[in-house]
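Content type compact mmCIF, C-alpha atoms, from the file my_file-v2.txt:
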```
# COMPACT_ATOMS: atom_id res chain seq x y z
CA MET A 294 102.28 47.04 -50.33
CA VAL A 295 102.59 48.84 -53.68
CA GLN A 296 105.37 47.71 -55.99
CA VAL A 297 107.08 50.27 -58.20
CA GLU A 298 109.65 49.58 -60.89
CA ALA A 299 111.75 51.26 -63.55
CA PHE A 300 110.89 50.93 -67.25
CA GLN A 301 112.25 51.87 -70.65
CA GLY A 302 109.98 54.74 -71.53
CA LEU A 303 109.33 56.10 -74.99
CA ARG A 304 110.34 59.76 -75.21
CA TYR A 305 110.35 62.44 -77.88
CA ASP A 306 113.69 63.03 -79.62
CA LEU A 307 114.16 66.79 -79.50
CA ALA A 308 116.35 66.61 -82.62
CA HIS A 309 113.18 65.62 -84.48
CA VAL A 310 110.52 67.73 -82.78
CA GLY A 311 112.42 70.81 -81.60
CA SER A 312 110.68 72.15 -78.49
CA LEU A 313 109.14 69.70 -76.04
CA SER A 314 106.50 72.32 -75.26
CA ASP A 315 105.08 71.92 -78.78
CA VAL A 316 104.39 68.18 -78.54
CA VAL A 317 102.95 67.72 -75.03
CA ALA A 318 99.33 68.13 -73.87
CA PRO A 319 97.26 68.05 -70.69
CA PRO A 320 95.15 64.95 -69.91
CA TYR A 321 92.55 64.04 -72.53
CA ASP A 322 89.59 64.69 -70.24
CA VAL A 323 90.29 68.42 -69.83
CA ILE A 324 90.64 69.10 -73.57
CA ASP A 325 87.66 70.57 -75.42
CA PRO A 326 87.33 70.47 -79.23
CA VAL A 327 88.71 73.99 -79.68
CA PHE A 328 91.82 73.23 -77.62
CA GLN A 329 92.12 69.87 -79.37
CA ASN A 330 92.40 71.64 -82.72
CA GLN A 331 94.94 74.09 -81.30
CA LEU A 332 97.11 71.19 -80.15
CA TYR A 333 96.81 69.58 -83.57
CA GLU A 334 98.13 72.79 -85.10
CA ALA A 335 100.94 73.20 -82.55
CA HIS A 336 103.04 70.40 -84.07
CA PRO A 337 102.46 67.47 -86.46
CA ALA A 338 103.74 65.11 -83.75
CA ASN A 339 101.80 66.55 -80.83
CA VAL A 340 100.70 63.79 -78.44
CA ILE A 341 97.07 64.89 -78.90
CA ARG A 342 97.04 62.61 -81.97
CA LEU A 343 97.61 59.69 -79.60
CA ILE A 344 95.61 60.53 -76.48
CA LEU A 345 92.61 62.18 -78.17
CA ASN A 346 92.65 61.62 -81.91
CA ARG A 347 89.83 63.57 -83.51
CA GLU A 348 87.18 62.25 -85.84
CA GLU A 349 87.84 62.88 -89.51
CA PRO A 350 85.60 63.13 -92.61
CA GLY A 351 84.90 59.66 -93.93
CA ASP A 352 84.93 57.94 -90.54
CA GLU A 353 82.11 55.43 -90.40
CA THR A 354 82.16 53.57 -87.08
CA GLY A 355 83.77 56.15 -84.80
CA ASP A 356 86.56 53.70 -83.98
CA GLU A 357 88.86 54.87 -86.76
CA LYS A 358 90.42 57.47 -84.46
CA TYR A 359 91.89 54.73 -82.26
CA GLU A 360 93.52 53.04 -85.23
CA ARG A 361 94.91 56.38 -86.39
CA ALA A 362 96.43 56.88 -82.95
CA ALA A 363 98.05 53.45 -83.16
CA ARG A 364 99.45 54.19 -86.62
CA TYR A 365 100.94 57.47 -85.45
CA LEU A 366 102.58 55.73 -82.49
CA LYS A 367 104.18 53.10 -84.74
CA GLN A 368 105.15 55.63 -87.38
CA TRP A 369 106.81 57.98 -84.89
CA GLN A 370 108.83 55.10 -83.48
CA ARG A 371 109.95 54.04 -86.96
CA GLU A 372 110.95 57.58 -87.84
CA GLY A 373 112.78 58.15 -84.55
CA VAL A 374 110.38 60.87 -83.38
CA LEU A 375 109.87 58.63 -80.34
CA SER A 376 112.61 56.36 -79.06
CA ALA A 377 112.93 53.96 -76.17
CA GLU A 378 115.20 54.66 -73.20
CA SER A 379 118.47 52.75 -73.42
CA HIS A 380 118.08 51.50 -69.82
CA ALA A 381 115.15 51.02 -67.46
CA ALA A 382 114.62 54.26 -65.56
CA VAL A 383 112.37 56.21 -63.26
CA TYR A 384 111.59 59.79 -64.19
CA VAL A 385 111.80 62.62 -61.68
CA TYR A 386 109.08 65.13 -62.54
CA HIS A 387 108.81 68.67 -61.12
CA GLN A 388 106.04 71.16 -61.84
CA GLU A 389 106.62 74.83 -61.04
CA PHE A 390 103.47 76.92 -60.86
CA SER A 391 101.86 79.96 -59.25
CA TYR A 392 98.71 80.02 -57.17
CA ALA A 393 97.27 82.80 -54.99
CA GLY A 394 100.35 84.92 -55.54
CA GLN A 395 102.81 82.22 -54.44
CA THR A 396 105.17 80.01 -56.42
CA PHE A 397 105.16 76.28 -55.73
CA VAL A 398 107.11 73.29 -57.01
CA ARG A 399 105.37 69.92 -56.87
CA LYS A 400 107.88 67.07 -56.93
CA GLY A 401 107.26 63.44 -57.84
CA PHE A 402 108.44 60.60 -59.99
CA MET A 403 107.06 58.44 -62.79
CA CYS A 404 107.43 54.67 -62.71
CA ARG A 405 105.52 51.51 -63.41
CA MET A 406 103.25 50.48 -60.54
CA GLN A 407 102.00 46.93 -60.12
CA LEU A 408 98.25 46.72 -60.73
CA GLU A 409 96.01 45.63 -57.89
CA LYS A 410 92.28 45.07 -58.01
CA LEU A 411 90.68 48.03 -56.29
CA GLY A 412 89.32 47.10 -52.90
CA GLU A 413 91.60 44.08 -52.56
CA GLY A 414 95.07 45.56 -52.21
CA ASN A 415 96.87 48.76 -51.36
CA VAL A 416 95.75 50.96 -54.24
CA TYR A 417 92.73 53.05 -53.32
CA PRO A 418 90.34 55.09 -55.51
CA HIS A 419 88.48 58.12 -54.19
CA GLU A 420 86.05 59.02 -56.99
CA GLU A 421 83.37 57.23 -58.99
CA THR A 422 84.02 56.27 -62.61
CA HIS A 423 81.78 56.12 -65.68
CA SER A 424 81.49 53.20 -68.05
CA ALA A 425 81.55 55.27 -71.27
CA ALA A 426 84.97 56.74 -70.46
CA LYS A 427 86.37 53.28 -69.68
CA VAL A 428 85.03 51.87 -72.96
CA ASP A 429 86.77 54.72 -74.80
CA ARG A 430 90.08 54.24 -73.02
CA LEU A 431 90.01 50.43 -73.47
CA LYS A 432 89.63 50.86 -77.22
CA LEU A 433 92.70 53.09 -77.15
CA PHE A 434 94.62 50.58 -75.02
CA ASN A 435 93.81 47.79 -77.46
CA ALA A 436 94.81 49.84 -80.49
CA THR A 437 98.04 51.38 -79.18
CA ARG A 438 99.11 48.82 -76.54
CA ALA A 439 100.57 51.61 -74.46
CA ASN A 440 100.03 53.81 -71.42
CA LEU A 441 99.96 57.15 -73.22
CA SER A 442 99.32 59.13 -70.03
CA GLN A 443 100.24 58.43 -66.44
CA ILE A 444 97.81 58.10 -63.59
CA PHE A 445 98.41 60.36 -60.58
CA GLY A 446 99.01 58.54 -57.29
CA ILE A 447 99.64 60.06 -53.88
CA TYR A 448 101.09 58.39 -50.81
CA ALA A 449 101.80 59.29 -47.19
CA ASP A 450 105.47 60.00 -46.50
CA PRO A 451 105.80 62.54 -43.65
CA GLU A 452 109.54 63.01 -44.17
CA ASN A 453 109.38 62.79 -47.98
CA GLN A 454 112.07 60.13 -47.80
CA ALA A 455 111.29 58.43 -51.13
CA GLN A 456 111.43 61.65 -53.12
CA SER A 457 114.59 62.75 -51.28
CA ILE A 458 116.43 59.70 -52.65
CA LEU A 459 115.72 60.89 -56.17
CA GLU A 460 116.38 64.55 -55.45
CA GLN A 461 119.90 63.64 -54.38
CA ALA A 462 120.38 61.68 -57.62
CA ILE A 463 119.55 64.65 -59.89
CA VAL A 464 121.69 67.29 -58.19
CA GLY A 465 123.70 69.12 -60.85
CA LYS A 466 121.89 67.44 -63.76
CA THR A 467 120.08 69.37 -66.48
CA PRO A 468 116.41 68.49 -66.96
CA LEU A 469 114.23 68.38 -70.03
CA GLU A 470 111.76 71.25 -69.84
CA ALA A 471 108.35 72.15 -71.23
CA THR A 472 105.94 75.00 -70.53
CA ASP A 473 102.22 74.36 -70.90
CA HIS A 474 99.39 76.66 -72.02
CA LEU A 475 98.83 77.86 -68.44
CA GLY A 476 102.46 78.83 -67.93
CA VAL A 477 103.29 75.87 -65.70
CA VAL A 478 106.92 74.77 -66.13
CA HIS A 479 107.42 70.99 -66.27
CA ARG A 480 110.90 69.51 -65.73
CA LEU A 481 111.96 65.90 -66.23
CA TRP A 482 115.11 64.03 -65.22
CA VAL A 483 115.95 60.45 -66.23
CA VAL A 484 117.32 58.31 -63.35
CA ASP A 485 118.64 54.89 -64.38
CA ASP A 486 121.14 54.25 -61.59
CA LEU A 487 120.36 50.79 -60.21
CA GLU A 488 121.41 51.60 -56.65
CA THR A 489 119.16 54.68 -56.54
CA ILE A 490 116.23 52.74 -58.00
CA GLY A 491 116.74 49.98 -55.45
CA LYS A 492 116.69 52.48 -52.58
CA LEU A 493 113.52 54.04 -53.98
CA GLN A 494 111.79 50.66 -54.19
CA GLY A 495 112.77 49.92 -50.60
CA SER A 496 111.42 53.25 -49.42
CA MET A 497 108.11 52.73 -51.24
CA ALA A 498 107.66 49.13 -50.12
CA ASP A 499 105.49 49.98 -47.09
CA LYS A 500 103.34 52.63 -48.78
CA ALA A 501 99.70 52.56 -49.82
CA MET A 502 98.81 54.49 -52.98
CA PHE A 503 95.73 56.65 -53.39
CA ILE A 504 94.58 57.56 -56.90
CA ALA A 505 94.36 61.33 -57.12
CA ASP A 506 93.61 61.54 -60.83
CA GLY A 507 93.23 59.02 -63.63
CA HIS A 508 90.66 56.64 -62.09
CA HIS A 509 89.31 55.70 -65.52
CA ARG A 510 92.79 54.95 -66.83
CA TYR A 511 93.63 52.82 -63.79
CA GLU A 512 90.45 50.75 -64.04
CA THR A 513 90.97 50.44 -67.80
CA ALA A 514 94.51 49.15 -67.18
CA CYS A 515 93.00 46.49 -64.89
CA ASN A 516 90.40 45.62 -67.56
CA TYR A 517 93.12 45.36 -70.20
CA GLN A 518 95.19 43.11 -67.94
CA GLN A 519 92.16 40.85 -67.39
CA GLN A 520 91.47 40.77 -71.12
CA LEU A 521 95.02 39.53 -71.77
CA ARG A 522 94.71 37.01 -68.94
CA GLU A 523 91.55 35.55 -70.47
CA SER A 524 93.14 35.35 -73.92
CA GLY A 525 96.21 33.57 -72.54
CA GLU A 526 98.59 36.39 -73.54
CA LEU A 527 99.43 37.51 -70.01
CA THR A 528 102.70 36.34 -68.49
CA VAL A 529 104.22 37.15 -65.11
CA THR A 530 106.60 39.65 -66.67
CA HIS A 531 104.13 41.21 -69.13
CA PRO A 532 104.19 45.04 -68.89
CA ALA A 533 100.37 45.06 -68.76
CA ASN A 534 100.67 43.89 -65.14
CA CYS A 535 101.66 47.48 -64.36
CA VAL A 536 100.44 50.99 -65.11
CA MET A 537 102.53 54.12 -65.62
CA THR A 538 102.12 56.24 -62.51
CA MET A 539 103.21 59.64 -61.25
CA CYS A 540 103.86 59.25 -57.51
CA VAL A 541 103.74 62.31 -55.25
CA SER A 542 104.02 62.45 -51.48
CA MET A 543 100.96 63.84 -49.72
CA ASN A 544 103.45 65.79 -47.64
CA ASP A 545 105.11 67.51 -50.58
CA ASP A 546 105.07 71.32 -50.31
CA GLY A 547 103.60 71.59 -53.80
CA MET A 548 100.51 69.46 -53.18
CA ILE A 549 97.63 71.86 -53.80
CA VAL A 550 93.98 70.81 -53.86
CA LEU A 551 91.69 73.40 -55.44
CA PRO A 552 87.94 73.69 -54.94
CA THR A 553 85.43 72.83 -57.63
CA HIS A 554 82.55 75.27 -57.50
CA ARG A 555 79.23 74.50 -59.18
CA LEU A 556 76.74 76.33 -61.37
CA PHE A 557 73.58 74.24 -61.43
CA LYS A 558 71.37 73.88 -64.50
CA GLY A 559 68.04 72.17 -65.08
CA LEU A 560 66.33 73.67 -62.04
CA PRO A 561 64.22 76.82 -61.64
CA ALA A 562 66.12 80.03 -60.97
CA TYR A 563 66.03 80.78 -57.26
CA ASP A 564 65.56 84.04 -55.40
CA SER A 565 67.05 84.24 -51.92
CA ALA A 566 63.73 84.20 -50.03
CA SER A 567 62.53 81.06 -51.81
CA LEU A 568 65.87 79.35 -51.32
CA ILE A 569 66.04 80.17 -47.61
CA SER A 570 62.48 78.97 -47.04
CA LYS A 571 63.43 75.53 -48.42
CA ILE A 572 66.70 75.05 -46.52
CA GLU A 573 66.36 77.02 -43.28
CA SER A 574 65.28 74.04 -41.17
CA ASP A 575 68.57 72.26 -41.95
CA PHE A 576 70.94 75.20 -42.46
CA ASP A 577 71.59 78.41 -40.58
CA THR A 578 71.43 81.08 -43.27
CA GLU A 579 72.96 84.51 -43.63
CA VAL A 580 72.20 86.95 -46.47
CA VAL A 581 75.59 88.37 -47.38
CA GLY A 582 74.47 90.90 -49.98
CA THR A 583 73.77 91.41 -53.66
CA GLY A 584 76.05 91.43 -56.67
CA ARG A 585 78.02 88.72 -58.44
CA GLU A 586 81.32 90.28 -57.38
CA LEU A 587 80.58 89.39 -53.74
CA ALA A 588 81.63 85.85 -54.62
CA SER A 589 85.20 86.71 -53.61
CA SER A 590 84.30 87.80 -50.08
CA VAL A 591 81.88 84.88 -49.65
CA TRP A 592 84.57 82.42 -50.66
CA GLU A 593 87.18 84.09 -48.45
CA GLN A 594 84.91 83.63 -45.43
CA ILE A 595 84.38 79.94 -46.20
CA GLU A 596 88.05 79.29 -46.95
CA VAL A 597 89.44 81.17 -43.94
CA ASN A 598 87.13 79.22 -41.63
CA ASP A 599 88.04 75.96 -43.42
CA ALA A 600 84.31 75.30 -43.30
CA GLN A 601 83.29 72.01 -44.93
CA ASP A 602 79.82 72.50 -43.43
CA THR A 603 79.27 75.91 -45.08
CA VAL A 604 78.42 76.63 -48.70
CA GLY A 605 77.97 79.92 -50.48
CA LEU A 606 74.84 80.08 -52.66
CA TYR A 607 74.06 82.63 -55.36
CA CYS A 608 70.42 83.24 -56.32
CA PRO A 609 70.24 84.72 -59.82
CA VAL A 610 66.71 86.16 -59.55
CA ASP A 611 67.68 88.80 -56.98
CA GLU A 612 71.45 88.45 -57.46
CA THR A 613 71.88 87.64 -53.78
CA TRP A 614 74.52 85.60 -51.98
CA VAL A 615 73.48 83.41 -49.05
CA LEU A 616 75.81 81.60 -46.65
CA ALA A 617 74.30 78.29 -45.52
CA THR A 618 75.83 76.43 -42.57
CA LEU A 619 74.71 72.94 -41.59
CA ASN A 620 72.85 72.94 -38.25
CA THR A 621 71.99 70.17 -35.80
CA ASN A 622 68.72 69.30 -37.53
CA GLY A 623 70.51 69.16 -40.88
CA LEU A 624 73.20 66.95 -39.44
CA GLU A 625 70.57 64.48 -38.26
CA LYS A 626 68.72 64.58 -41.57
CA LEU A 627 71.96 64.01 -43.53
CA ALA A 628 72.72 61.00 -41.33
CA GLU A 629 69.31 59.63 -42.31
CA VAL A 630 69.39 60.31 -46.06
CA ALA A 631 73.04 59.20 -46.30
CA ARG A 632 72.86 56.33 -43.82
CA ASP A 633 74.69 54.16 -46.35
CA ARG A 634 77.75 56.39 -45.93
CA THR A 635 80.24 56.89 -43.12
CA ASP A 636 80.52 60.00 -40.97
CA ASP A 637 83.70 60.90 -42.87
CA TRP A 638 81.82 60.94 -46.19
CA GLN A 639 78.90 62.85 -44.67
CA GLY A 640 81.30 65.51 -43.41
CA LEU A 641 82.44 66.53 -46.89
CA GLY A 642 81.26 69.87 -48.19
CA VAL A 643 80.35 68.36 -51.57
CA SER A 644 78.34 65.60 -49.84
CA ILE A 645 76.43 68.15 -47.76
CA LEU A 646 75.79 70.27 -50.85
CA HIS A 647 74.59 67.49 -53.15
CA ARG A 648 72.98 64.85 -50.92
CA LEU A 649 71.30 67.16 -48.41
CA LEU A 650 70.88 70.66 -49.81
CA VAL A 651 70.23 70.06 -53.51
CA GLU A 652 68.71 66.57 -53.53
CA THR A 653 66.83 66.54 -50.22
CA CYS A 654 66.00 70.13 -49.30
CA LEU A 655 65.45 71.44 -52.83
CA GLY A 656 64.21 68.13 -54.24
CA HIS A 657 66.43 67.97 -57.34
CA ASP A 658 67.92 64.48 -57.55
CA SER A 659 68.44 64.06 -61.31
CA LEU A 660 69.98 67.28 -62.54
CA PRO A 661 72.27 67.53 -65.56
CA LYS A 662 75.98 67.83 -64.84
CA PRO A 663 76.73 71.25 -63.33
CA LYS A 664 79.27 73.61 -64.81
CA TYR A 665 82.44 73.13 -62.76
CA MET A 666 84.93 75.94 -62.04
CA HIS A 667 87.97 76.21 -59.81
CA LEU A 668 88.59 79.95 -59.56
CA VAL A 669 86.13 82.41 -58.04
CA GLN A 670 86.69 84.81 -60.94
CA GLU A 671 85.52 82.05 -63.30
CA VAL A 672 82.32 81.83 -61.26
CA ILE A 673 81.80 85.59 -61.49
CA ASP A 674 82.42 85.60 -65.25
CA SER A 675 79.99 82.73 -65.80
CA LEU A 676 77.31 84.41 -63.68
CA GLU A 677 77.84 87.56 -65.73
CA ALA A 678 77.13 85.55 -68.89
CA GLY A 679 74.08 83.99 -67.22
CA VAL A 680 74.06 80.88 -69.41
CA ASP A 681 76.26 77.89 -70.09
CA ASP A 682 77.98 77.17 -73.40
CA ASP A 683 74.78 75.44 -74.54
CA ASP A 684 72.74 78.58 -73.68
CA GLU A 685 71.08 76.86 -70.73
CA PRO A 686 70.57 79.29 -67.83
CA PHE A 687 71.94 78.73 -64.33
CA GLY A 688 69.39 78.41 -61.54
CA LEU A 689 71.80 78.37 -58.62
CA ALA A 690 75.54 78.70 -57.98
CA ALA A 691 77.47 77.14 -55.11
CA LEU A 692 80.91 77.79 -53.64
CA VAL A 693 82.12 74.72 -51.76
CA MET A 694 85.30 73.56 -50.02
CA PRO A 695 87.33 70.77 -51.64
CA ALA A 696 88.07 67.48 -49.93
CA THR A 697 91.47 67.50 -48.24
CA LEU A 698 94.28 65.00 -48.67
CA GLU A 699 93.34 63.54 -45.30
CA HIS A 700 89.75 63.11 -46.48
CA ILE A 701 91.06 61.18 -49.48
CA ARG A 702 93.16 58.92 -47.28
CA VAL A 703 90.45 58.21 -44.70
CA ILE A 704 87.45 57.88 -47.03
CA SER A 705 89.41 55.73 -49.49
CA LYS A 706 90.47 53.45 -46.63
CA ASN A 707 86.77 53.16 -45.77
CA ASP A 708 86.25 51.70 -49.28
CA GLU A 709 84.03 54.65 -50.18
CA ARG A 710 84.13 56.96 -53.16
CA MET A 711 83.48 60.67 -52.99
CA PRO A 712 80.93 62.59 -55.06
CA ALA A 713 82.17 63.66 -58.48
CA LYS A 714 84.61 66.58 -58.57
CA SER A 715 85.31 66.53 -54.84
CA THR A 716 88.93 67.42 -55.59
CA TYR A 717 90.93 69.21 -58.26
CA PHE A 718 94.65 68.65 -58.22
CA TYR A 719 96.49 71.54 -59.79
CA PRO A 720 98.42 71.61 -62.01
CA LYS A 721 97.51 68.74 -64.31
CA LEU A 722 100.21 66.30 -65.38
CA LEU A 723 101.39 66.51 -68.97
CA SER A 724 100.90 63.71 -71.45
CA GLY A 725 103.79 63.12 -73.83
CA LEU A 726 106.72 63.42 -71.46
CA VAL A 727 107.01 59.62 -71.24
CA ILE A 728 105.00 56.79 -72.81
CA ASN A 729 104.94 53.25 -71.42
CA SER A 730 104.75 50.54 -74.06
CA LEU A 731 102.69 47.47 -73.16
CA GLU A 732 104.27 45.30 -75.84
```
Let's see the structure in the file written out as structure tokens.
Amino acid sequence: MVQVEAFQGLRYDLAHVGSLSDVVAPPYDVIDPVFQNQLYEAHPANVIRLILNREEPGDETGDEKYERAARYLKQWQREGVLSAESHAAVYVYHQEFSYAGQTFVRKGFMCRMQLEKLGEGNVYPHEETHSAAKVDRLKLFNATRANLSQIFGIYADPENQAQSILEQAIVGKTPLEATDHLGVVHRLWVVDDLETIGKLQGSMADKAMFIADGHHRYETACNYQQQLRESGELTVTHPANCVMTMCVSMNDDGMIVLPTHRLFKGLPAYDSASLISKIESDFDTEVVGTGRELASSVWEQIEVNDAQDTVGLYCPVDETWVLATLNTNGLEKLAEVARDRTDDWQGLGVSILHRLLVETCLGHDSLPKPKYMHLVQEVIDSLEAGVDDDDEPFGLAALVMPATLEHIRVISKNDERMPAKSTYFYPKLLSGLVINSLE
């Protein structure tokens, strides 16, 4: 099964940088240009200069930013801003956060995980990837020769035995601490005790790993490994045989999966009567009422019923919310139009929304990427604005349930991948807590 191991991570020296909060950043793919500039200004050694170096005046090819990232990494090591751990370690990582009025702590650990070709081992993806993102990340791999950010892996462990081994090892020890821009508190402990690491490896030896976040980085790590193999540089002990991974039990009390609601663009604005006329043969419909603020009560009804087969739809022309629930005819039609997919995949709310309702019933199969939001208030605010950041109007909004952890396990085991943005794991992992050198 999956093999995990300790490694000598590169970490910021607080004597050089001061506060850890000033030099860390969320994953590169959730950082827009405005936030990128804010992180640049936060500290001259902020990890943003490594994970998402910005283009500068005078750049000609667009690849200069990767070389700048590599130079910063080398420079910071020379200056002692970053230094390698004295012994191979695993890193216990807690994230304390609030959601829906409750406080949670998600507990996991960072390690190196042996790479396996997806579909041939015990590491399973659950979402599709895009070639452009992998080209970008491979250029960064080649320039920096490092895992600058960890992938996020989840595994089944009903008794949380693996994490318990580490929790016992950190009792009474003071962690490193950083607070991100959303107020999430991140705590890190270094565990280099050989006996503890051995017990952890034994506990993880029978586990399969499911990629929760970081699919592009995992596939890029595999591409980088293959590149070194073809060039003759890869040895059995080369660090490129592994990828830095945050491992979290699916059974951890802090594992929260948030929904990803959609505001669709590139289609005509719908009124409720027109929408219902197009979907009523495949969905039982209920007009809930008018007003953007009804989004909260619509979502509450879907969430309380845990209804993957129900979506909430907002029609901007008459400002009306419609609840649409898959009926028997729709179930049969979905089985036909998605006959290349398993029943598990067809049962996902996002699959029902995209494959049946939007593509089949409404006839829109090549829309631009929707605007994605995770909080209902974000949906209300965006509907109030009426247009996206590029001034393109929204023709339809949809509230939809996220895939569950069990969906991820089952559908991944089926060698299927879910539609884009089927899940949103909150909070995001920080980049800059630990870096894994591939040299």
*Which polymer residues have any atom within 8 Å of an atom of A:Val615, counting all atoms listed in the file, with same-chain residues fewer than 6 positions away left out, as a PyMOL selection string?*
chain A and resi 565+578-582+605-608
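Near stretch 718-728 of chain A, within 6 Å and counting all atoms listed in the file, sit Gly302, Leu303, Arg304, Val317, Ala318, Pro319, Val340, Asn440, Leu441, Ser442 and Val550 of chain A, not including residues fewer than 6 positions from it in the same chain.
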_Report, in Å to a single decimal, how far apart atom CA of A:Glu389 and atom CA of A:Arg480 are._
8.3 Å
*Could you work out how far atom CA of A:Leu408 lies from atom CA of A:Met497, giving the answer in Å with one decimal?*
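Atom CA of A:Leu408 lies at a distance of 14.9 Å from atom CA of A:Met497.
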*Within 8 Å of A:Val591, counting only C-alpha atoms, which residues qualify if same-chain residues fewer than 2 places away don't, as a PyMOL selection string?*
chain A and resi 581+587-589+593-595+605+614+616
*Have a look at A:Ala514, A:Leu411, A:Leu366, A:Ala471 and name the one nearest to A:Leu307; count only C-alpha atoms.*
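Among the listed residues, the smallest separation from A:Leu307 belongs to A:Ala471.
Coordinates place atom CA of A:Gly311 at a distance of 20.5 Å from atom CA of A:Lys466.
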Report the centre and edge lengths, in Å to one decimal, of an axis-aligned box enclosing every atom of stretch 630-649 of chain A listed in the file, padded by 8 Å on each side, as AutoDock Vina command-line options.
```
--center_x 76.5 --center_y 62.2 --center_z -47.1 --size_x 30.3 --size_y 32.1 --size_z 28.2
```
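Shortest separation to A:Glu409 among A:Val295, A:Leu433, A:Leu551, A:Val316 occurs at residue A:Val295, atoms counted being only C-alpha atoms.
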_A:Tyr333 surroundings by all atoms listed in the file, 12 Å radius, close-in-sequence under 3 positions cut, as a list in words_ = Asp315, Val316, Val317, Ala318, Ile324, Pro326, Val327, Phe328, Gln329, Asn330, His336, Pro337, Ala338, Asn339, Val340, Ile341, Arg342, Leu343, Ile344, Leu345, Asn346 and Arg347 of chain A
*With only C-alpha atoms as the basis for distance, which of A:Leu469, A:Cys654, A:Ile447, A:Met711 is at the shortest distance from A:Phe576?*
A:Cys654
*Got a sec: who's within 7 Å of stretch 454-461 of chain A, counting only C-alpha atoms, leaving out chain neighbours fewer than 3 positions off, as a list of chain:residue names?*
A:Val385, A:Gly401, A:Asp450, A:Val464, A:Thr489, A:Leu493, A:Ser496, A:Met497
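The residue that comes closest to A:Pro418, out of A:Glu526, A:Glu488, A:Asp636, A:Asp708 and on the basis of all atoms listed in the file, is A:Asp708.
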*Residue list as a ChimeraX atom specification for point (88.7, 74.0, -54.7), cut-off 9 Å, only C-alpha atoms*: /A:550-554,666-668,692-696,715-718
